[in-house]
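Source file: final-v6.csv; contents: CSV, C-alpha atoms and all ligand atoms.
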chain,number,residue,atom,x,y,z
A,10,MET,CA,-24.3,-34.2,3.0
A,11,ALA,CA,-20.7,-33.2,3.7
A,12,GLU,CA,-20.4,-29.6,4.8
A,13,SER,CA,-18.0,-27.5,2.7
A,14,LYS,CA,-15.4,-26.2,5.2
A,15,ASP,CA,-13.2,-23.2,5.0
A,16,PRO,CA,-9.5,-23.9,5.2
A,17,ALA,CA,-7.9,-23.7,8.7
A,18,PRO,CA,-6.9,-20.1,9.5
A,19,GLU,CA,-3.3,-19.0,9.0
A,20,LYS,CA,-1.6,-17.8,12.2
A,21,VAL,CA,0.9,-15.0,13.0
A,22,ARG,CA,2.4,-14.9,16.5
A,23,VAL,CA,3.2,-11.5,17.9
A,24,GLY,CA,6.0,-12.3,20.3
A,25,LEU,CA,5.9,-9.9,23.3
A,26,GLU,CA,6.7,-12.2,26.2
A,27,ALA,CA,3.7,-12.3,28.6
A,28,ARG,CA,1.7,-10.1,26.2
A,29,SER,CA,2.2,-12.3,23.2
A,30,TYR,CA,-0.8,-13.1,21.1
A,31,ASP,CA,-1.9,-14.7,17.8
A,32,ILE,CA,-3.4,-13.1,14.8
A,33,GLN,CA,-5.6,-15.6,12.9
A,34,ILE,CA,-6.4,-15.0,9.3
A,35,GLY,CA,-8.9,-16.8,7.2
A,36,GLN,CA,-12.4,-17.0,5.8
A,37,GLY,CA,-15.6,-17.5,7.8
A,38,LEU,CA,-13.9,-16.9,11.2
A,39,LEU,CA,-16.6,-14.8,12.7
A,40,SER,CA,-18.9,-17.6,13.6
A,41,ASN,CA,-16.0,-19.5,15.2
A,42,ILE,CA,-14.4,-16.8,17.4
A,43,PRO,CA,-14.9,-18.6,20.7
A,44,ALA,CA,-12.9,-21.6,19.5
A,45,LEU,CA,-10.1,-19.4,18.2
A,46,PHE,CA,-9.0,-17.9,21.5
A,47,PRO,CA,-9.0,-19.6,24.9
A,48,HIS,CA,-9.4,-16.3,26.7
A,49,VAL,CA,-13.0,-16.1,25.5
A,50,SER,CA,-14.1,-19.0,27.6
A,51,LYS,CA,-13.0,-17.1,30.8
A,52,THR,CA,-15.1,-14.2,29.9
A,53,THR,CA,-18.3,-13.3,31.7
A,54,LEU,CA,-19.3,-10.3,29.6
A,55,LEU,CA,-18.5,-9.6,26.0
A,56,PHE,CA,-18.7,-5.9,25.2
A,57,ILE,CA,-18.9,-5.5,21.4
A,58,VAL,CA,-18.1,-2.1,20.0
A,59,CYS,CA,-18.9,-2.0,16.3
A,60,ASP,CA,-19.0,0.3,13.3
A,61,GLU,CA,-22.5,0.9,11.9
A,62,HIS,CA,-21.5,-0.9,8.7
A,63,LEU,CA,-20.8,-4.1,10.6
A,64,LYS,CA,-24.1,-4.6,12.4
A,65,THR,CA,-24.9,-7.9,10.8
A,66,GLN,CA,-21.6,-9.3,11.8
A,67,ALA,CA,-22.0,-8.0,15.3
A,68,SER,CA,-25.3,-9.8,15.6
A,69,LEU,CA,-23.7,-13.0,14.4
A,70,ILE,CA,-20.9,-12.8,17.0
A,71,SER,CA,-23.5,-11.9,19.7
A,72,LYS,CA,-25.5,-15.0,18.9
A,73,VAL,CA,-22.5,-17.3,19.1
A,74,PHE,CA,-21.6,-16.0,22.5
A,75,HIS,CA,-25.2,-16.0,23.8
A,76,ASN,CA,-25.4,-19.6,22.9
A,77,LEU,CA,-22.4,-20.2,25.1
A,78,GLY,CA,-24.2,-18.6,28.0
A,79,ILE,CA,-21.9,-15.5,27.9
A,80,ASN,CA,-23.6,-12.1,28.5
A,81,VAL,CA,-23.2,-9.7,25.6
A,82,ALA,CA,-23.5,-5.9,25.3
A,83,GLU,CA,-23.4,-4.4,21.9
A,84,VAL,CA,-22.7,-0.7,21.0
A,85,VAL,CA,-23.0,0.5,17.5
A,86,LEU,CA,-21.1,3.6,16.5
A,87,PRO,CA,-21.6,5.9,13.5
A,88,SER,CA,-18.7,5.7,11.2
A,89,GLY,CA,-16.1,8.4,10.9
A,90,GLU,CA,-12.8,9.7,12.3
A,91,ASN,CA,-14.7,12.1,14.5
A,92,GLN,CA,-15.8,9.2,16.7
A,93,LYS,CA,-12.3,8.9,17.9
A,94,CYS,CA,-12.9,11.5,20.6
A,95,LEU,CA,-13.1,11.9,24.4
A,96,ASP,CA,-16.9,12.2,24.2
A,97,SER,CA,-17.3,8.8,22.5
A,98,ALA,CA,-14.9,7.2,24.9
A,99,SER,CA,-16.9,8.7,27.8
A,100,LYS,CA,-20.1,7.3,26.5
A,101,LEU,CA,-18.5,3.9,26.2
A,102,PHE,CA,-17.2,4.1,29.8
A,103,ASP,CA,-20.9,4.9,30.9
A,104,GLN,CA,-22.1,1.8,29.0
A,105,LEU,CA,-19.4,-0.4,30.6
A,106,VAL,CA,-20.6,0.9,34.0
A,107,ASN,CA,-24.2,0.2,33.1
A,108,ALA,CA,-23.3,-3.3,31.9
A,109,ARG,CA,-21.4,-3.9,35.2
A,110,ALA,CA,-18.2,-4.6,33.5
A,111,ASP,CA,-15.3,-6.1,35.5
A,112,ARG,CA,-11.9,-7.6,35.0
A,113,LYS,CA,-13.6,-10.6,33.3
A,114,THR,CA,-15.1,-8.4,30.6
A,115,MET,CA,-13.7,-8.7,27.1
A,116,VAL,CA,-13.9,-5.7,24.8
A,117,LEU,CA,-14.4,-6.8,21.2
A,118,ALA,CA,-13.6,-4.1,18.6
A,119,LEU,CA,-15.4,-4.9,15.3
A,120,GLY,CA,-14.6,-2.3,12.7
A,121,GLY,CA,-11.8,-0.3,11.0
A,122,GLY,CA,-9.0,1.6,12.7
A,123,VAL,CA,-11.4,4.1,14.2
A,124,VAL,CA,-13.3,1.5,16.2
A,125,GLY,CA,-10.1,-0.4,17.0
A,126,ASP,CA,-8.3,2.7,18.3
A,127,LEU,CA,-11.3,4.0,20.3
A,128,ALA,CA,-12.5,0.7,21.8
A,129,GLY,CA,-8.8,-0.2,22.4
A,130,PHE,CA,-8.3,3.0,24.3
A,131,VAL,CA,-11.4,2.4,26.4
A,132,ALA,CA,-10.2,-1.2,27.1
A,133,ALA,CA,-6.8,0.1,28.1
A,134,THR,CA,-8.1,2.5,30.6
A,135,TYR,CA,-11.4,1.1,32.1
A,136,ASN,CA,-10.8,-0.6,35.4
A,137,ARG,CA,-7.0,-0.2,34.7
A,138,GLY,CA,-7.3,-2.4,31.7
A,139,LEU,CA,-9.7,-4.9,30.2
A,140,ASN,CA,-9.0,-7.7,27.8
A,141,LEU,CA,-9.2,-6.6,24.2
A,142,PHE,CA,-10.0,-8.7,21.2
A,143,MET,CA,-9.6,-7.1,17.7
A,144,VAL,CA,-11.7,-8.0,14.7
A,145,PRO,CA,-10.5,-5.5,12.1
A,146,THR,CA,-12.7,-5.0,9.1
A,147,THR,CA,-10.8,-2.7,6.7
A,148,LEU,CA,-7.7,-3.7,4.9
A,149,LEU,CA,-5.8,-0.9,6.6
A,150,SER,CA,-6.8,-2.1,10.1
A,151,MET,CA,-6.0,-5.7,9.2
A,152,VAL,CA,-2.4,-5.0,8.1
A,153,ASP,CA,-1.7,-2.0,10.4
A,154,SER,CA,-3.8,-0.6,13.2
A,155,SER,CA,-4.9,-3.9,14.8
A,156,VAL,CA,-1.2,-5.1,15.1
A,157,GLY,CA,1.1,-3.5,17.6
A,158,GLY,CA,-1.0,-2.3,20.6
A,159,LYS,CA,-1.2,1.4,19.9
A,160,VAL,CA,-4.7,2.7,20.9
A,161,GLY,CA,-6.0,6.2,21.3
A,162,ILE,CA,-8.3,9.0,20.5
A,163,ASN,CA,-7.8,12.5,19.0
A,164,HIS,CA,-7.6,15.8,20.7
A,165,PRO,CA,-8.8,19.0,18.9
A,166,MET,CA,-5.1,20.0,18.9
A,167,GLY,CA,-3.8,16.8,17.4
A,168,LYS,CA,-4.5,13.3,16.0
A,169,ASN,CA,-3.9,10.4,18.4
A,170,LEU,CA,-2.7,12.8,21.2
A,171,ILE,CA,-4.4,10.8,24.0
A,172,GLY,CA,-3.5,7.1,24.0
A,173,ALA,CA,-1.8,4.0,25.4
A,174,PHE,CA,0.0,0.9,24.5
A,175,HIS,CA,-2.4,-2.0,25.1
A,176,GLN,CA,-1.9,-5.2,23.4
A,177,PRO,CA,-4.9,-7.3,22.4
A,178,VAL,CA,-5.3,-10.9,23.6
A,179,GLY,CA,-6.0,-11.9,20.1
A,180,VAL,CA,-6.9,-10.7,16.6
A,181,ALA,CA,-9.2,-12.4,14.2
A,182,ILE,CA,-9.1,-11.4,10.5
A,183,ASP,CA,-12.0,-12.7,8.5
A,184,ILE,CA,-11.3,-11.7,4.9
A,185,ASN,CA,-15.0,-12.3,4.0
A,186,VAL,CA,-15.8,-9.0,5.7
A,187,LEU,CA,-13.8,-7.2,3.0
A,188,ASN,CA,-16.6,-8.1,0.5
A,189,SER,CA,-18.5,-5.0,1.5
A,190,LEU,CA,-15.5,-2.6,1.9
A,191,PRO,CA,-15.7,0.2,-0.6
A,192,ASP,CA,-13.1,0.1,-3.4
A,193,ARG,CA,-11.4,3.3,-2.4
A,194,GLU,CA,-10.9,2.1,1.2
A,195,PHE,CA,-9.6,-1.2,-0.1
A,196,ARG,CA,-7.0,0.5,-2.3
A,197,SER,CA,-6.0,2.9,0.4
A,198,GLY,CA,-5.1,-0.2,2.6
A,199,LEU,CA,-3.0,-1.6,-0.3
A,200,ALA,CA,-0.7,1.4,0.1
A,201,GLU,CA,0.4,0.2,3.5
A,202,VAL,CA,1.0,-3.3,2.0
A,203,VAL,CA,3.2,-1.7,-0.6
A,204,LYS,CA,5.0,0.1,2.2
A,205,TYR,CA,5.9,-3.2,3.9
A,206,GLY,CA,7.4,-4.4,0.7
A,207,MET,CA,9.4,-1.2,0.3
A,208,ILE,CA,10.8,-1.2,3.8
A,209,LEU,CA,11.3,-4.8,4.6
A,210,ASP,CA,10.5,-7.4,1.9
A,211,ALA,CA,11.5,-7.1,-1.8
A,212,GLY,CA,9.8,-10.5,-2.2
A,213,LEU,CA,6.5,-9.2,-1.0
A,214,PHE,CA,6.9,-6.2,-3.4
A,215,GLY,CA,7.5,-8.6,-6.3
A,216,PHE,CA,4.5,-10.7,-5.3
A,217,LEU,CA,2.3,-7.5,-5.4
A,218,GLU,CA,3.6,-6.6,-8.8
A,219,ALA,CA,3.0,-10.1,-10.2
A,220,ASN,CA,-0.5,-10.4,-8.7
A,221,ALA,CA,-1.9,-6.9,-8.8
A,222,ALA,CA,-5.0,-7.7,-10.9
A,223,GLY,CA,-5.9,-10.7,-8.7
A,224,ILE,CA,-5.4,-8.6,-5.5
A,225,LEU,CA,-7.7,-5.9,-6.9
A,226,ALA,CA,-10.2,-8.5,-7.7
A,227,ARG,CA,-9.9,-9.5,-4.0
A,228,GLU,CA,-9.1,-13.2,-4.7
A,229,PRO,CA,-9.2,-14.8,-1.2
A,230,GLY,CA,-6.0,-16.8,-1.5
A,231,LEU,CA,-4.1,-13.7,-2.4
A,232,LEU,CA,-5.7,-11.6,0.3
A,233,VAL,CA,-4.7,-14.1,3.0
A,234,LYS,CA,-1.1,-14.2,1.7
A,235,ILE,CA,-0.6,-10.4,1.6
A,236,ILE,CA,-2.4,-9.8,4.9
A,237,LYS,CA,-0.4,-12.5,6.6
A,238,ARG,CA,2.9,-11.3,5.3
A,239,SER,CA,2.1,-7.7,6.3
A,240,CYS,CA,1.1,-8.8,9.8
A,241,GLU,CA,4.3,-10.9,10.1
A,242,LEU,CA,6.5,-7.9,9.1
A,243,LYS,CA,4.7,-5.5,11.4
A,244,ALA,CA,4.9,-8.1,14.3
A,245,GLN,CA,8.6,-8.5,13.8
A,246,VAL,CA,9.2,-4.7,14.1
A,247,VAL,CA,6.8,-4.4,17.0
A,248,SER,CA,8.3,-7.3,19.0
A,249,GLN,CA,11.7,-5.6,18.7
A,250,ASP,CA,10.5,-2.1,19.6
A,251,GLU,CA,7.1,-2.4,21.3
A,252,ARG,CA,7.1,1.2,22.7
A,253,GLU,CA,8.9,3.0,19.9
A,254,GLU,CA,12.1,3.4,22.0
A,255,THR,CA,14.9,2.0,19.8
A,256,GLY,CA,13.9,3.8,16.7
A,257,LEU,CA,13.2,0.6,14.8
A,258,ARG,CA,9.5,1.1,14.8
A,259,ALA,CA,10.0,4.4,13.0
A,260,ILE,CA,10.7,2.6,9.8
A,261,LEU,CA,6.9,1.9,9.7
A,262,ASN,CA,6.6,5.6,9.0
A,263,PHE,CA,8.1,5.4,5.6
A,264,GLY,CA,6.3,8.0,3.4
A,265,HIS,CA,4.4,9.2,6.4
A,266,THR,CA,6.2,12.5,7.1
A,267,PHE,CA,5.0,13.6,3.7
A,268,ALA,CA,1.6,11.9,4.1
A,269,HIS,CA,0.8,13.7,7.4
A,270,ALA,CA,1.7,17.0,5.9
A,271,PHE,CA,-0.6,16.3,2.8
A,272,GLU,CA,-3.4,15.2,5.2
A,273,THR,CA,-3.0,18.2,7.5
A,274,ILE,CA,-2.7,20.9,4.8
A,275,GLY,CA,-5.0,19.3,2.3
A,276,GLY,CA,-7.6,18.8,5.0
A,277,TYR,CA,-8.4,15.3,6.6
A,278,GLY,CA,-10.8,13.5,4.3
A,279,ALA,CA,-9.6,15.1,1.0
A,280,TRP,CA,-7.3,12.1,0.7
A,281,LEU,CA,-7.7,8.8,2.5
A,282,HIS,CA,-4.6,8.0,4.7
A,283,GLY,CA,-3.3,5.3,2.3
A,284,GLU,CA,-3.7,7.7,-0.7
A,285,ALA,CA,-1.5,10.3,1.1
A,286,VAL,CA,1.0,7.5,2.0
A,287,ALA,CA,1.2,6.4,-1.6
A,288,ALA,CA,2.1,9.9,-2.8
A,289,GLY,CA,4.4,10.3,0.3
A,290,MET,CA,6.4,7.2,-0.6
A,291,VAL,CA,6.9,8.5,-4.1
A,292,CYS,CA,8.3,11.8,-2.7
A,293,ALA,CA,10.5,9.9,-0.3
A,294,ASN,CA,11.9,7.8,-3.2
A,295,LYS,CA,12.6,11.0,-5.1
A,296,LEU,CA,14.7,12.2,-2.1
A,297,SER,CA,16.6,8.8,-2.3
A,298,LEU,CA,17.0,9.1,-6.0
A,299,ASN,CA,18.4,12.7,-5.8
A,300,ARG,CA,20.9,11.5,-3.2
A,301,GLY,CA,22.0,8.7,-5.5
A,302,MET,CA,20.9,6.1,-3.0
A,303,ILE,CA,18.5,4.1,-5.3
A,304,ASP,CA,18.3,4.0,-9.0
A,305,GLU,CA,15.6,5.2,-11.3
A,306,SER,CA,14.4,1.7,-12.1
A,307,ILE,CA,13.3,1.1,-8.4
A,308,ALA,CA,11.6,4.4,-8.1
A,309,ALA,CA,9.8,3.6,-11.4
A,310,ARG,CA,8.7,0.2,-10.2
A,311,VAL,CA,7.1,1.8,-7.1
A,312,VAL,CA,5.2,4.3,-9.1
A,313,ALA,CA,4.0,1.6,-11.6
A,314,LEU,CA,2.8,-0.6,-8.7
A,315,LEU,CA,0.9,2.2,-7.0
A,316,LYS,CA,-0.6,3.2,-10.4
A,317,ALA,CA,-1.7,-0.4,-10.9
A,318,PHE,CA,-3.5,-0.1,-7.6
A,319,ASN,CA,-5.0,3.2,-8.8
A,320,LEU,CA,-3.3,5.2,-6.0
A,321,PRO,CA,-2.0,8.8,-6.4
A,322,THR,CA,1.7,9.1,-7.2
A,323,ASP,CA,2.0,12.9,-7.5
A,324,PRO,CA,2.1,15.2,-4.5
A,325,PRO,CA,-1.0,17.4,-4.1
A,326,LYS,CA,-0.7,21.0,-5.3
A,327,LEU,CA,-0.3,22.6,-1.9
A,328,SER,CA,2.0,25.3,-0.7
A,329,SER,CA,5.5,23.8,0.0
A,330,THR,CA,6.0,26.4,2.7
A,331,SER,CA,2.9,25.2,4.6
A,332,LEU,CA,3.8,21.6,4.1
A,333,LEU,CA,7.3,22.2,5.4
A,334,GLU,CA,5.9,23.9,8.5
A,335,VAL,CA,4.0,20.7,9.3
A,336,MET,CA,7.0,18.5,8.6
A,337,ARG,CA,9.1,20.6,11.0
A,338,ASN,CA,6.6,19.8,13.8
A,339,ASP,CA,6.6,16.1,12.9
A,340,LYS,CA,7.3,13.7,15.8
A,341,LYS,CA,10.4,12.5,14.0
A,342,SER,CA,12.0,15.9,13.6
A,343,VAL,CA,14.7,16.6,16.3
A,344,ARG,CA,15.5,20.2,17.1
A,345,GLY,CA,14.0,21.4,13.9
A,346,ASN,CA,16.1,19.1,11.6
A,347,LEU,CA,14.0,17.2,9.2
A,348,ARG,CA,14.3,13.4,9.5
A,349,PHE,CA,13.2,11.0,6.9
A,350,ILE,CA,13.0,7.3,6.5
A,351,LEU,CA,14.5,6.7,3.0
A,352,ALA,CA,15.0,3.6,0.8
A,353,LYS,CA,18.5,2.3,0.3
A,354,LYS,CA,17.2,-0.5,-1.9
A,355,LEU,CA,13.9,-2.3,-2.4
A,356,GLY,CA,13.2,-3.9,1.0
A,357,GLU,CA,15.6,-1.8,3.0
A,358,VAL,CA,15.2,1.7,4.6
A,359,ALA,CA,17.1,3.7,7.1
A,360,LEU,CA,16.6,7.0,9.1
A,361,PHE,CA,18.4,10.1,7.7
A,362,ASP,CA,18.6,13.4,9.6
A,363,ASP,CA,20.5,15.5,7.0
A,364,VAL,CA,17.7,16.2,4.5
A,365,THR,CA,17.5,19.9,3.9
A,366,GLU,CA,14.3,21.9,3.3
A,367,GLU,CA,15.6,22.6,-0.2
A,368,ASN,CA,15.8,18.9,-0.8
A,369,VAL,CA,12.2,18.5,0.3
A,370,LYS,CA,11.0,21.4,-1.8
A,371,GLY,CA,12.7,19.8,-4.8
A,372,VAL,CA,10.4,16.8,-4.7
A,373,LEU,CA,7.1,18.6,-3.9
A,374,SER,CA,4.8,20.1,-6.6
A,375,PRO,CA,6.3,23.3,-8.1
A,376,LEU,CA,3.5,25.5,-6.8
A,377,ASN,CA,5.7,28.2,-5.3
B,401,LIG,N1,-3.3,2.1,16.1
B,401,LIG,C1,-2.5,2.1,15.1
B,401,LIG,O1,-1.4,1.6,15.1
B,401,LIG,C2,-3.0,2.8,13.8
B,401,LIG,C3,-2.3,2.5,12.6
B,401,LIG,C4,-2.8,3.1,11.4
B,401,LIG,C5,-4.0,3.8,11.5
B,401,LIG,N2,-4.7,4.0,12.7
B,401,LIG,C6,-5.9,4.7,12.7
B,401,LIG,O2,-6.9,4.0,12.0
B,401,LIG,C7,-7.9,5.0,11.6
B,401,LIG,C8,-8.2,4.7,10.1
B,401,LIG,O3,-8.7,3.4,10.0
B,401,LIG,P1,-9.5,2.9,8.7
B,401,LIG,O4,-8.8,3.3,7.5
B,401,LIG,O5,-9.8,1.4,9.0
B,401,LIG,O6,-10.8,3.8,8.8
B,401,LIG,P2,-12.3,3.6,9.4
B,401,LIG,O7,-12.3,2.8,10.6
B,401,LIG,O8,-12.8,5.0,9.4
B,401,LIG,O9,-13.0,2.8,8.3
B,401,LIG,C9,-13.1,3.3,7.0
B,401,LIG,C10,-14.6,3.3,6.5
B,401,LIG,O10,-14.9,2.0,6.1
B,401,LIG,C11,-16.1,1.6,6.8
B,401,LIG,N3,-16.0,0.1,7.0
B,401,LIG,C12,-15.2,-0.5,7.8
B,401,LIG,N4,-15.2,-1.8,7.6
B,401,LIG,C13,-16.1,-2.0,6.6
B,401,LIG,C14,-16.6,-3.2,5.9
B,401,LIG,N5,-16.1,-4.4,6.2
B,401,LIG,N6,-17.5,-3.0,5.0
B,401,LIG,C15,-18.0,-1.8,4.7
B,401,LIG,N7,-17.6,-0.6,5.3
B,401,LIG,C16,-16.6,-0.8,6.2
B,401,LIG,C17,-16.2,2.4,8.0
B,401,LIG,O11,-17.5,2.6,8.4
B,401,LIG,C18,-15.6,3.8,7.5
B,401,LIG,O12,-16.6,4.5,6.8
B,401,LIG,C19,-7.3,6.4,11.8
B,401,LIG,O13,-8.0,6.9,12.9
B,401,LIG,C20,-5.9,6.1,12.1
B,401,LIG,O14,-5.3,7.1,13.0
B,401,LIG,C21,-4.2,3.5,13.8
B,402,ZN,ZN,-0.1,4.6,7.8
So, in terms of structure tokens, how does the structure I just supplied come out?
Ligand SMILES: NC(=O)c1ccc[n+]([C@@H]2O[C@H](COP(=O)([O-])OP(=O)(O)OC[C@H]3O[C@@H](n4cnc5c(N)ncnc54)[C@H](O)[C@@H]3O)[C@@H](O)[C@H]2O)c1
Ligand SMILES: [Zn+2]
Amino acid sequence: MAESKDPAPEKVRVGLEARSYDIQIGQGLLSNIPALFPHVSKTTLLFIVCDEHLKTQASLISKVFHNLGINVAEVVLPSGENQKCLDSASKLFDQLVNARADRKTMVLALGGGVVGDLAGFVAATYNRGLNLFMVPTTLLSMVDSSVGGKVGINHPMGKNLIGAFHQPVGVAIDINVLNSLPDREFRSGLAEVVKYGMILDAGLFGFLEANAAGILAREPGLLVKIIKRSCELKAQVVSQDEREETGLRAILNFGHTFAHAFETIGGYGAWLHGEAVAAGMVCANKLSLNRGMIDESIAARVVALLKAFNLPTDPPKLSSTSLLEVMRNDKKSVRGNLRFILAKKLGEVALFDDVTEENVKGVLSPLN
């Protein structure tokens, strides 16, 4: 009987000279990873770091590599942002020592952004750098954290304070893993996809509007399309500004100055990151609107699309004084001036450093 085959994966090349790599996107990729990336055949030890919700998939990958005669070590981590800490990194270093890891070891990160950032950081630093292979399993990690090479852990004084740039040798995105992703996590990831439409691609934005219902129903063809386009857009930005030096990479932070303040003052966990980004993008658009840079119809389309994805569109009721305090300390602020990425039209943004605190207060909730 003929076997039903999944279509060949879609490919996105991240062009970074010697550090270039492919992101492959499709269905049923997990059982086929060795064939997807030539590096794997040069590997003597595969060190899998996985989120506790991905144990079944980790076993599947282990088996495939065992069958090829490659040693496999598997570490399962509890889920949660608090895993992104020095203590977890230290335990992983111990396990790499115990497994006799060397330069031919491949670290495979199987999980969301937490596992990707943590395992990526360990791969960047152990033995001055091990090969890293990303298998992102949340929508957010597929379209954002697994692309671009930023890896890191948190310090009690700040998120992502300790980190590195370490590009993976490959990324495999198997959309079948999204079947088990909770709805709220899925919708949170959609906020970043909307962001790519806003900052770089009005066509993507229109596609999201036209297909919102099918996307929420997680139709595979639609998922492959929006994930691929998001990866292409992030790859374009990253390949022009790998280390955040020219300022181009900053456009990826559209809505994020507000979002970080909402997350910090509201308490991490009250809102998921994408939820904070959704409300942050609406605030940023209100700033543009008040400056006469975009018209009402564009701001309204963004709100309508975010609502269709059941994402928040109003800023949380938090003290604007406290929120502004966080924004002043934002990485993008220079000598205390607030800097914002603002929309000039759908699909185009730019950095502005003349936004006043009064302007910002004007778009926050009228709490005080
Ligand atoms: N490096 C970067 O460029 C970058 C970019 C954006 C975000 N990040 C980081 O990413 C992290 C957030 O990532 P995230 O949103 O993926 O969160 P996450 O890794 O915490 O995953 C969210 C939740 O989903 C669960 N999960 C993951 N995949 C699943 C699946 N397929 N089925 C069922 N449950 C699943 C996890 O256990 C967790 O409970 C943050 O630490 C953030 O700083 C990094
Ligand atoms: Zn983000």
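The shortest atom-to-atom distance to Asn220 of chain A, with all atoms listed in the file taken into account, belongs to A:Ala317 out of A:Ala108, A:Val152, A:Ile32, A:Ala317.
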Closest atom pairs, chain A residues within 10 Å of ligand ZN 402 (chain B), all atoms listed in the file, as a Markdown table:
| residue | atom | partner | partner_atom | distance |
| --- | --- | --- | --- | --- |
| A:Leu149 | CA | B:ZN402 | ZN | 8.0 |
| A:Ser150 | CA | B:ZN402 | ZN | 9.8 |
| A:Val152 | CA | B:ZN402 | ZN | 9.9 |
| A:Asp153 | CA | B:ZN402 | ZN | 7.3 |
| A:Ser154 | CA | B:ZN402 | ZN | 8.4 |
| A:Ser197 | CA | B:ZN402 | ZN | 9.6 |
| A:Gly198 | CA | B:ZN402 | ZN | 8.7 |
| A:Ala200 | CA | B:ZN402 | ZN | 8.4 |
| A:Glu201 | CA | B:ZN402 | ZN | 6.2 |
| A:Val202 | CA | B:ZN402 | ZN | 9.9 |
| A:Lys204 | CA | B:ZN402 | ZN | 8.8 |
| A:Leu261 | CA | B:ZN402 | ZN | 7.7 |
| A:Asn262 | CA | B:ZN402 | ZN | 6.9 |
| A:Phe263 | CA | B:ZN402 | ZN | 8.5 |
| A:Gly264 | CA | B:ZN402 | ZN | 8.5 |
| A:His265 | CA | B:ZN402 | ZN | 6.6 |
| A:Ala268 | CA | B:ZN402 | ZN | 8.4 |
| A:His269 | CA | B:ZN402 | ZN | 9.2 |
| A:His282 | CA | B:ZN402 | ZN | 6.4 |
| A:Gly283 | CA | B:ZN402 | ZN | 6.4 |
| A:Glu284 | CA | B:ZN402 | ZN | 9.7 |
| A:Ala285 | CA | B:ZN402 | ZN | 8.9 |
| A:Val286 | CA | B:ZN402 | ZN | 6.6 |
| A:Ala287 | CA | B:ZN402 | ZN | 9.7 |
Exercise for the section: Could I get the residue neighbourhood of ligand LIG 401 (chain B) at 7 Å, counting only C-alpha atoms and all ligand atoms, as a PyMOL selection string? Expected result: chain A and resi 60-63+88-90+93+120-124+126+146-150+153-160+168-169+186-191+194+282
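Going from atom CA of Pro324 of chain A over to atom CA of Phe271 of chain A, you cover 7.9 Å.
We find atom CA of Lys295 of chain A and atom CA of Leu373 of chain A to be spaced 9.5 Å apart.
Counting only C-alpha atoms and comparing A:Ser306, A:Asn185, A:Thr52, A:Thr114, the residue that lies closest to Gln36 of chain A is A:Asn185.
For the choices A:Phe142, A:Phe74, A:Phe214, A:Phe102, the atom-to-atom distance to Ile307 of chain A is smallest for A:Phe214 when using all atoms listed in the file.
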As lines of an AutoDock Vina configuration file, please report the centre and edge lengths, rounded to one decimal in Å, of the axis-aligned box that holds all listed atoms of segment 266-284 of chain A with 3 Å of padding on each of the six sides.
center_x = -2.3
center_y = 13.1
center_z = 3.4
size_x = 23.0
size_y = 21.6
size_z = 14.2
Handout entry: For Val358 of chain A, the nearest of the candidates A:Tyr205, A:Trp280, A:Lys234, A:Gly223, counting only C-alpha atoms
Key = A:Tyr205
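Coordinates place atom CA of Cys59 of chain A at a distance of 21.5 Å from atom CA of His164 of chain A.
Distances here use all atoms listed in the file; by that measure, the residue among A:Ser97, A:Thr53, A:Gln66, A:Thr322 closest to Gly78 of chain A is A:Thr53.
For Ala82 of chain A, the list of residues within 10 Å, based on only C-alpha atoms and with local chain neighbours fewer than 6 positions off taken out, reads A:Leu54, A:Leu55, A:Phe56, A:Ile57, A:Val58, A:Ser71, A:Gln104, A:Leu105, A:Asn107, A:Ala108, A:Ala110, A:Val116.
The smallest atom-to-atom distance between Leu213 of chain A and any of A:Arg348, A:Arg300, A:Lys72, A:Arg238, using all atoms listed in the file, is found for A:Arg238.
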Quick one: contact table of segment 297-332 of chain A to segment 363-370 of chain A, 10 Å max, nearest atom pair and distance in Å to one decimal per residue, counting all atoms listed in the file, chain and number order, as a Markdown table?
| residue | atom | partner | partner_atom | distance |
| --- | --- | --- | --- | --- |
| A:Asn299 | CA | A:Asn368 | CA | 8.4 |
| A:Arg300 | CA | A:Asn368 | CA | 9.3 |
| A:Ser328 | CA | A:Lys370 | CA | 9.9 |
| A:Ser329 | CA | A:Lys370 | CA | 6.3 |
| A:Thr330 | CA | A:Lys370 | CA | 8.4 |
| A:Leu332 | CA | A:Lys370 | CA | 9.3 |
Please save C-alpha atoms of the selected residues as a compact mmCIF listing (two decimals), in the frame of the given file.
# COMPACT_ATOMS: atom_id res chain seq x y z
CA ASN A 299 18.40 12.70 -5.80
CA ARG A 300 20.90 11.50 -3.20
CA SER A 328 2.00 25.30 -0.70
CA SER A 329 5.50 23.80 0.00
CA THR A 330 6.00 26.40 2.70
CA LEU A 332 3.80 21.60 4.10
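Residues in contact with Lys354 of chain A at up to 12 Å, not including ones fewer than 5 positions away on its chain and judged by all atoms listed in the file, are Gly206, Met207, Ile208, Leu209, Asp210, Ala211, Phe214, Asn294, Ser297, Leu298, Gly301, Met302, Ile303, Asp304, Glu305, Ser306, Ile307, Ala308, Arg310, Val311 and Ala359 of chain A.
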